[in-house]
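Trainee: Sharing a structure with you now.
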Amino acid sequence: MLIIPIPAWVAATNAYVVASEAGGLAVVVDAPPEPELIGRVLAERDLTAVALLLTHGHVDHTGGSGALSGTTGAAVYVHPDDDFLTLDPMKQLELMFGLTPPGSYEVPKEFKSLDDGQVLDLADLQFGVRHTPGHTPGHCCFYLEFEETLFSGDQLFAGSVGRTDLPGGSHPDLIRSMKEKVMVLPDETRVLPGHGPETTIGRERATNPFLS
């Protein structure tokens, strides 16, 4: 199995290309505003992206989704509670930076909705959807049960958790989501976050100061 992390853009946001093997179908998790980096990885391994799963609507995770879906034809999935973010990336950039950094900010022509508990059968892999509001209202994590791997977006990091001081954020919601949807997973679960290095559920359970 292939899981290729691609840190990109000014926020060093992790995108992931996920596939059973080279030369087949792939799923992309998150799309920072440098879609050409993701496209290069797909081409190098002769992969065809069939879906783009967005953990949440912040522009550092979605800015490249329009361009990437346009060039690959991949369907774009996001939770509808984040529509206020995904549909207006330029407003986010203005609020966050006061200017527009270089990058791609094209909005996809169509989004498919994510629902809690949904299982997406894509590229011969099963992605379980876990709606984890807190960082944003529509934040979702994606769980590959048979591979014991969680794509945690900005919910859980190595040694930290997602910030909740941005529009739509809620610390009580994030802690509730963590307790009910994330920390119930086995200790050996591999955690691939939206920023920074990978970790495991067990390591975070034992050492993360924000979970004590």
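Identifiers in the structure tokens: chain A, B, ... in order shown; residue index from 1 per chain; ligand index from 1 in order shown.
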Ile175 of chain A: which residues within 8 Å, counting only C-alpha atoms, same-chain residues fewer than 4 positions away excluded, as number ranges by chain?

Mentor: A: 134, 171, 179

Trainee: Those residues you just picked out, can you put them in a file as a PDB file, in the first residue's frame with C-alpha atoms?

Mentor:
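After the write, again.pdb holds the following:
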ATOM      1  CA  GLY A 134     -14.370  21.699  16.756  1.00  0.00           C
ATOM      2  CA  HIS A 171     -13.082  24.005  21.958  1.00  0.00           C
ATOM      3  CA  LYS A 179     -13.352  11.693  23.124  1.00  0.00           C
TER       4      LYS A 179
END

Trainee: Give me the residues near Val184 of chain A as a CSV table (one decimal) with N, CA and C atoms, in the first residue's frame, where near means some atom within 12 Å (using only C-alpha atoms) and where sequence neighbours in that chain fewer than 5 positions away do not count.

Mentor:
chain,number,residue,atom,x,y,z
A,130,ARG,N,-15.5,10.2,9.9
A,130,ARG,CA,-15.8,10.5,11.3
A,130,ARG,C,-15.9,12.0,11.4
A,150,LEU,N,-5.4,6.7,10.5
A,150,LEU,CA,-6.4,7.8,10.6
A,150,LEU,C,-5.7,9.0,10.0
A,176,ARG,N,-15.1,17.1,22.7
A,176,ARG,CA,-16.1,16.0,22.6
A,176,ARG,C,-15.9,15.1,21.4
A,177,SER,N,-15.5,15.7,20.3
A,177,SER,CA,-15.2,14.9,19.1
A,177,SER,C,-14.0,14.0,19.4
A,178,MET,N,-13.0,14.5,20.1
A,178,MET,CA,-11.8,13.8,20.4
A,178,MET,C,-12.2,12.5,21.2
A,179,LYS,N,-13.0,12.8,22.2
A,179,LYS,CA,-13.4,11.7,23.1
A,179,LYS,C,-14.2,10.6,22.4
A,189,THR,N,-3.0,2.7,16.3
A,189,THR,CA,-3.5,3.4,15.1
A,189,THR,C,-2.5,4.5,14.7
A,201,ILE,N,-2.1,6.9,18.1
A,201,ILE,CA,-3.1,7.2,19.1
A,201,ILE,C,-2.5,6.9,20.5
A,202,GLY,N,-1.8,5.8,20.6
A,202,GLY,CA,-1.2,5.5,21.9
A,202,GLY,C,-0.2,6.5,22.4
A,205,ARG,N,-2.2,9.5,23.5
A,205,ARG,CA,-2.9,9.2,24.7
A,205,ARG,C,-2.0,9.4,25.9

Trainee: From segment 8-192 of chain A, collect each residue whose DSSP state is alpha helix (DSSP H) and return the set as a ChimeraX atom specification.

Mentor: /A:35-44,59-62,65-72,83-86,89-97,171-177

Trainee: Would you save the residues of that selection, restricted to C-alpha atoms, as a compact mmCIF listing (two decimals), in the first residue's frame?

Mentor:
# COMPACT_ATOMS: atom_id res chain seq x y z
CA PRO A 35 -1.89 21.22 -6.79
CA GLU A 36 1.04 20.78 -9.15
CA LEU A 37 2.97 19.01 -6.37
CA ILE A 38 0.19 16.47 -5.98
CA GLY A 39 -0.12 16.09 -9.74
CA ARG A 40 3.60 15.36 -9.98
CA VAL A 41 3.37 12.56 -7.40
CA LEU A 42 0.39 11.04 -9.21
CA ALA A 43 2.23 11.14 -12.53
CA GLU A 44 5.47 9.71 -11.13
CA VAL A 59 -7.98 27.26 2.37
CA ASP A 60 -4.64 25.64 3.20
CA HIS A 61 -6.43 22.28 2.86
CA THR A 62 -8.79 23.11 -0.02
CA SER A 65 -9.01 21.25 -4.93
CA GLY A 66 -10.59 23.06 -7.87
CA ALA A 67 -7.53 22.85 -10.07
CA LEU A 68 -6.78 19.25 -9.07
CA SER A 69 -10.33 18.04 -9.68
CA GLY A 70 -10.38 19.92 -12.96
CA THR A 71 -7.26 18.21 -14.29
CA THR A 72 -7.95 14.71 -12.91
CA ASP A 83 -19.67 25.39 3.01
CA PHE A 84 -19.15 28.88 4.41
CA LEU A 85 -15.42 28.22 4.14
CA THR A 86 -15.02 26.07 1.04
CA PRO A 89 -11.46 30.93 -0.20
CA MET A 90 -10.64 34.55 -1.09
CA LYS A 91 -12.45 35.83 2.00
CA GLN A 92 -10.43 33.43 4.13
CA LEU A 93 -7.19 34.67 2.61
CA GLU A 94 -8.13 38.26 3.29
CA LEU A 95 -8.95 37.51 6.91
CA MET A 96 -5.87 35.37 7.50
CA PHE A 97 -3.21 37.23 5.56
CA HIS A 171 -13.08 24.01 21.96
CA PRO A 172 -15.85 22.06 23.77
CA ASP A 173 -16.89 20.53 20.43
CA LEU A 174 -13.31 19.57 19.62
CA ILE A 175 -12.81 17.86 22.98
CA ARG A 176 -16.13 16.04 22.60
CA SER A 177 -15.18 14.90 19.10

Trainee: Within 12 Å of Val129 of chain A, counting only C-alpha atoms, which residues qualify if same-chain residues fewer than 5 places away don't, as a VMD selection string?

Mentor: chain A and resid 53 to 55 77 to 79 113 to 121 138 to 145 150 to 152 181 to 182

Trainee: So that I have them on file, write out the residues from the current selection with C-alpha atoms, as a PDB file, in the first residue's frame.

Mentor:
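Generated file (again37.pdb):
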ATOM      1  CA  LEU A  53     -11.299  13.972   0.428  1.00  0.00           C
ATOM      2  CA  LEU A  54     -11.162  17.303   2.252  1.00  0.00           C
ATOM      3  CA  THR A  55     -10.843  17.123   6.022  1.00  0.00           C
ATOM      4  CA  TYR A  77     -15.882  15.365  -0.908  1.00  0.00           C
ATOM      5  CA  VAL A  78     -16.375  17.765   2.030  1.00  0.00           C
ATOM      6  CA  HIS A  79     -18.834  18.113   4.895  1.00  0.00           C
ATOM      7  CA  SER A 113     -21.316  15.664   0.887  1.00  0.00           C
ATOM      8  CA  LEU A 114     -19.661  13.754   3.690  1.00  0.00           C
ATOM      9  CA  ASP A 115     -21.753  12.254   6.507  1.00  0.00           C
ATOM     10  CA  ASP A 116     -20.686  10.860   9.860  1.00  0.00           C
ATOM     11  CA  GLY A 117     -20.436   7.083   9.788  1.00  0.00           C
ATOM     12  CA  GLN A 118     -20.322   6.937   6.008  1.00  0.00           C
ATOM     13  CA  VAL A 119     -17.944   4.435   4.422  1.00  0.00           C
ATOM     14  CA  LEU A 120     -16.504   5.506   1.073  1.00  0.00           C
ATOM     15  CA  ASP A 121     -15.402   2.631  -1.156  1.00  0.00           C
ATOM     16  CA  GLY A 138     -17.618  20.354   9.299  1.00  0.00           C
ATOM     17  CA  HIS A 139     -14.227  18.893  10.126  1.00  0.00           C
ATOM     18  CA  CYS A 140     -13.918  15.174   9.336  1.00  0.00           C
ATOM     19  CA  CYS A 141     -11.255  12.541   9.912  1.00  0.00           C
ATOM     20  CA  PHE A 142     -10.870   9.572   7.565  1.00  0.00           C
ATOM     21  CA  TYR A 143     -10.173   6.117   8.980  1.00  0.00           C
ATOM     22  CA  LEU A 144      -8.762   3.167   7.062  1.00  0.00           C
ATOM     23  CA  GLU A 145      -9.753   0.432   9.494  1.00  0.00           C
ATOM     24  CA  LEU A 150      -6.354   7.790  10.617  1.00  0.00           C
ATOM     25  CA  PHE A 151      -6.061  10.927   8.493  1.00  0.00           C
ATOM     26  CA  SER A 152      -6.697  13.422  11.279  1.00  0.00           C
ATOM     27  CA  LYS A 181     -14.557   9.702  17.573  1.00  0.00           C
ATOM     28  CA  VAL A 182     -10.747   9.711  17.836  1.00  0.00           C
TER      29      VAL A 182
END

Trainee: How far is it from atom CA of Ala158 of chain A to atom CA of Pro102 of chain A, in Å with one decimal?

Mentor: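 According to the coordinates, atom CA of Ala158 of chain A and atom CA of Pro102 of chain A are separated by 28.1 Å.
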
Trainee: What does the structure give for the distance between atom CA of Thr207 of chain A and atom CA of His195 of chain A, in Å to one decimal?

Mentor: 18.1 Å

Trainee: For the contact check between segment 17-114 of chain A and segment 6-12 of chain A, emit one row per residue of segment 17-114 of chain A within 7 Å, containing the shortest atom pair and the distance in Å rounded to one decimal, counting only C-alpha atoms, chain then rising number order, as a Markdown table.

Mentor:
| residue | atom | partner | partner_atom | distance |
| --- | --- | --- | --- | --- |
| A:Pro32 | CA | A:Ala8 | CA | 6.2 |
| A:Pro33 | CA | A:Trp9 | CA | 6.2 |
| A:Glu34 | CA | A:Trp9 | CA | 6.1 |
| A:Asp60 | CA | A:Ala11 | CA | 6.7 |

Trainee: Of the candidates A:Leu52, A:Thr136, A:Gln126, A:Val28, which shows the shortest atom-to-atom distance to Asp82 of chain A, using only C-alpha atoms?

Mentor: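 Among the listed residues, the smallest separation from Asp82 of chain A belongs to A:Thr136.
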
Trainee: Which residues of segment 109-162 of chain A come within 10 Å of segment 20-25 of chain A, and for each one, what is the closest pair of atoms and their distance in Å to one decimal, counting only C-alpha atoms, sorted by chain and residue number, as CSV?

Mentor:
residue,atom,partner,partner_atom,distance
A:Leu122,CA,A:Leu25,CA,8.4
A:Ala123,CA,A:Leu25,CA,5.1
A:Asp124,CA,A:Ser20,CA,7.1
A:Leu125,CA,A:Ser20,CA,7.5

Trainee: Figure out the distance between atom CA of Thr48 of chain A and atom CA of Phe146 of chain A, please, to one decimal in Å.

Mentor: 22.1 Å

Trainee: Give me, as a PDB file with N, CA and C atoms, in the first residue's frame, the residues of segment 75-211 of chain A that a backbone DSSP run labels strand (DSSP E or B).

Mentor:
ATOM      1  N   ALA A  75     -13.706  13.299  -8.015  1.00  0.00           N
ATOM      2  CA  ALA A  75     -14.808  13.862  -7.242  1.00  0.00           C
ATOM      3  C   ALA A  75     -14.268  14.456  -5.943  1.00  0.00           C
ATOM      4  N   VAL A  76     -14.861  15.568  -5.498  1.00  0.00           N
ATOM      5  CA  VAL A  76     -14.401  16.271  -4.307  1.00  0.00           C
ATOM      6  C   VAL A  76     -15.437  16.118  -3.198  1.00  0.00           C
ATOM      7  N   TYR A  77     -15.005  15.614  -2.048  1.00  0.00           N
ATOM      8  CA  TYR A  77     -15.882  15.365  -0.908  1.00  0.00           C
ATOM      9  C   TYR A  77     -15.533  16.314   0.243  1.00  0.00           C
ATOM     10  N   VAL A  78     -16.567  16.918   0.854  1.00  0.00           N
ATOM     11  CA  VAL A  78     -16.375  17.765   2.030  1.00  0.00           C
ATOM     12  C   VAL A  78     -17.681  17.796   2.806  1.00  0.00           C
ATOM     13  N   LYS A 112     -19.304  16.689  -3.250  1.00  0.00           N
ATOM     14  CA  LYS A 112     -20.120  15.606  -2.719  1.00  0.00           C
ATOM     15  C   LYS A 112     -20.076  15.696  -1.196  1.00  0.00           C
ATOM     16  N   SER A 113     -21.213  15.476  -0.554  1.00  0.00           N
ATOM     17  CA  SER A 113     -21.316  15.664   0.887  1.00  0.00           C
ATOM     18  C   SER A 113     -20.786  14.465   1.665  1.00  0.00           C
ATOM     19  N   VAL A 119     -19.128   5.153   4.880  1.00  0.00           N
ATOM     20  CA  VAL A 119     -17.944   4.435   4.422  1.00  0.00           C
ATOM     21  C   VAL A 119     -17.836   4.636   2.918  1.00  0.00           C
ATOM     22  N   LEU A 120     -16.733   5.228   2.485  1.00  0.00           N
ATOM     23  CA  LEU A 120     -16.504   5.506   1.073  1.00  0.00           C
ATOM     24  C   LEU A 120     -15.618   4.419   0.486  1.00  0.00           C
ATOM     25  N   ASP A 121     -16.154   3.689  -0.477  1.00  0.00           N
ATOM     26  CA  ASP A 121     -15.402   2.631  -1.156  1.00  0.00           C
ATOM     27  C   ASP A 121     -14.758   3.242  -2.392  1.00  0.00           C
ATOM     28  N   LEU A 122     -13.478   3.577  -2.277  1.00  0.00           N
ATOM     29  CA  LEU A 122     -12.776   4.320  -3.319  1.00  0.00           C
ATOM     30  C   LEU A 122     -11.413   3.697  -3.575  1.00  0.00           C
ATOM     31  N   LEU A 125     -10.237   0.824  -1.565  1.00  0.00           N
ATOM     32  CA  LEU A 125      -9.999   1.096  -0.151  1.00  0.00           C
ATOM     33  C   LEU A 125     -11.297   1.604   0.466  1.00  0.00           C
ATOM     34  N   GLN A 126     -11.463   1.375   1.781  1.00  0.00           N
ATOM     35  CA  GLN A 126     -12.664   1.812   2.479  1.00  0.00           C
ATOM     36  C   GLN A 126     -12.301   2.894   3.497  1.00  0.00           C
ATOM     37  N   PHE A 127     -12.763   4.096   3.228  1.00  0.00           N
ATOM     38  CA  PHE A 127     -12.498   5.232   4.101  1.00  0.00           C
ATOM     39  C   PHE A 127     -13.731   5.484   4.976  1.00  0.00           C
ATOM     40  N   GLY A 128     -13.590   5.285   6.268  1.00  0.00           N
ATOM     41  CA  GLY A 128     -14.659   5.598   7.194  1.00  0.00           C
ATOM     42  C   GLY A 128     -14.632   7.075   7.538  1.00  0.00           C
ATOM     43  N   VAL A 129     -15.788   7.724   7.471  1.00  0.00           N
ATOM     44  CA  VAL A 129     -15.886   9.154   7.739  1.00  0.00           C
ATOM     45  C   VAL A 129     -16.270   9.371   9.198  1.00  0.00           C
ATOM     46  N   ARG A 130     -15.474  10.155   9.907  1.00  0.00           N
ATOM     47  CA  ARG A 130     -15.753  10.505  11.297  1.00  0.00           C
ATOM     48  C   ARG A 130     -15.883  12.017  11.389  1.00  0.00           C
ATOM     49  N   HIS A 131     -17.099  12.493  11.572  1.00  0.00           N
ATOM     50  CA  HIS A 131     -17.346  13.926  11.688  1.00  0.00           C
ATOM     51  C   HIS A 131     -16.845  14.383  13.048  1.00  0.00           C
ATOM     52  N   CYS A 140     -13.800  16.636   9.354  1.00  0.00           N
ATOM     53  CA  CYS A 140     -13.918  15.174   9.336  1.00  0.00           C
ATOM     54  C   CYS A 140     -12.535  14.530   9.343  1.00  0.00           C
ATOM     55  N   CYS A 141     -12.426  13.411  10.014  1.00  0.00           N
ATOM     56  CA  CYS A 141     -11.255  12.541   9.912  1.00  0.00           C
ATOM     57  C   CYS A 141     -11.637  11.332   9.061  1.00  0.00           C
ATOM     58  N   PHE A 142     -10.635  10.728   8.433  1.00  0.00           N
ATOM     59  CA  PHE A 142     -10.870   9.572   7.565  1.00  0.00           C
ATOM     60  C   PHE A 142     -10.069   8.386   8.095  1.00  0.00           C
ATOM     61  N   TYR A 143     -10.777   7.274   8.318  1.00  0.00           N
ATOM     62  CA  TYR A 143     -10.173   6.117   8.980  1.00  0.00           C
ATOM     63  C   TYR A 143     -10.152   4.918   8.044  1.00  0.00           C
ATOM     64  N   LEU A 144      -8.943   4.411   7.793  1.00  0.00           N
ATOM     65  CA  LEU A 144      -8.762   3.167   7.062  1.00  0.00           C
ATOM     66  C   LEU A 144      -8.626   2.059   8.105  1.00  0.00           C
ATOM     67  N   THR A 149      -5.149   3.207  10.132  1.00  0.00           N
ATOM     68  CA  THR A 149      -4.590   4.518   9.818  1.00  0.00           C
ATOM     69  C   THR A 149      -5.693   5.563   9.842  1.00  0.00           C
ATOM     70  N   LEU A 150      -5.420   6.672  10.530  1.00  0.00           N
ATOM     71  CA  LEU A 150      -6.354   7.790  10.617  1.00  0.00           C
ATOM     72  C   LEU A 150      -5.730   9.031   9.993  1.00  0.00           C
ATOM     73  N   PHE A 151      -6.428   9.620   9.026  1.00  0.00           N
ATOM     74  CA  PHE A 151      -6.061  10.927   8.493  1.00  0.00           C
ATOM     75  C   PHE A 151      -6.802  11.957   9.345  1.00  0.00           C
ATOM     76  N   SER A 152      -6.059  12.630  10.220  1.00  0.00           N
ATOM     77  CA  SER A 152      -6.697  13.422  11.279  1.00  0.00           C
ATOM     78  C   SER A 152      -6.889  14.889  10.936  1.00  0.00           C
ATOM     79  N   GLY A 153      -6.427  15.331   9.761  1.00  0.00           N
ATOM     80  CA  GLY A 153      -6.595  16.738   9.416  1.00  0.00           C
ATOM     81  C   GLY A 153      -6.032  17.636  10.502  1.00  0.00           C
ATOM     82  N   LEU A 156      -6.090  16.360  15.355  1.00  0.00           N
ATOM     83  CA  LEU A 156      -5.063  15.855  16.267  1.00  0.00           C
ATOM     84  C   LEU A 156      -3.712  15.908  15.579  1.00  0.00           C
ATOM     85  N   PHE A 157      -2.725  16.472  16.301  1.00  0.00           N
ATOM     86  CA  PHE A 157      -1.343  16.534  15.832  1.00  0.00           C
ATOM     87  C   PHE A 157      -0.437  15.779  16.803  1.00  0.00           C
ATOM     88  N   SER A 160      -0.198  17.962  20.020  1.00  0.00           N
ATOM     89  CA  SER A 160      -1.096  19.112  20.059  1.00  0.00           C
ATOM     90  C   SER A 160      -2.457  18.728  19.478  1.00  0.00           C
ATOM     91  N   VAL A 161      -3.358  19.714  19.448  1.00  0.00           N
ATOM     92  CA  VAL A 161      -4.687  19.547  18.847  1.00  0.00           C
ATOM     93  C   VAL A 161      -4.974  20.787  18.008  1.00  0.00           C
ATOM     94  N   ARG A 190      -2.143   4.424  13.426  1.00  0.00           N
ATOM     95  CA  ARG A 190      -1.244   5.423  12.848  1.00  0.00           C
ATOM     96  C   ARG A 190      -2.037   6.698  12.566  1.00  0.00           C
ATOM     97  N   VAL A 191      -1.531   7.839  13.004  1.00  0.00           N
ATOM     98  CA  VAL A 191      -2.210   9.120  12.827  1.00  0.00           C
ATOM     99  C   VAL A 191      -1.399   9.977  11.863  1.00  0.00           C
ATOM    100  N   LEU A 192      -2.038  10.347  10.756  1.00  0.00           N
ATOM    101  CA  LEU A 192      -1.403  11.184   9.745  1.00  0.00           C
ATOM    102  C   LEU A 192      -2.103  12.540   9.756  1.00  0.00           C
ATOM    103  N   PRO A 193      -1.468  13.561  10.348  1.00  0.00           N
ATOM    104  CA  PRO A 193      -2.141  14.844  10.564  1.00  0.00           C
ATOM    105  C   PRO A 193      -2.001  15.806   9.389  1.00  0.00           C
ATOM    106  N   HIS A 195      -0.736  18.738   9.553  1.00  0.00           N
ATOM    107  CA  HIS A 195       0.522  19.481   9.667  1.00  0.00           C
ATOM    108  C   HIS A 195       1.461  18.683  10.561  1.00  0.00           C
ATOM    109  N   THR A 199       2.080  10.344  14.025  1.00  0.00           N
ATOM    110  CA  THR A 199       2.162   9.868  15.396  1.00  0.00           C
ATOM    111  C   THR A 199       1.251   8.647  15.518  1.00  0.00           C
ATOM    112  N   THR A 200       0.945   8.242  16.734  1.00  0.00           N
ATOM    113  CA  THR A 200      -0.008   7.153  16.961  1.00  0.00           C
ATOM    114  C   THR A 200      -0.994   7.580  18.046  1.00  0.00           C
TER     115      THR A 200
END
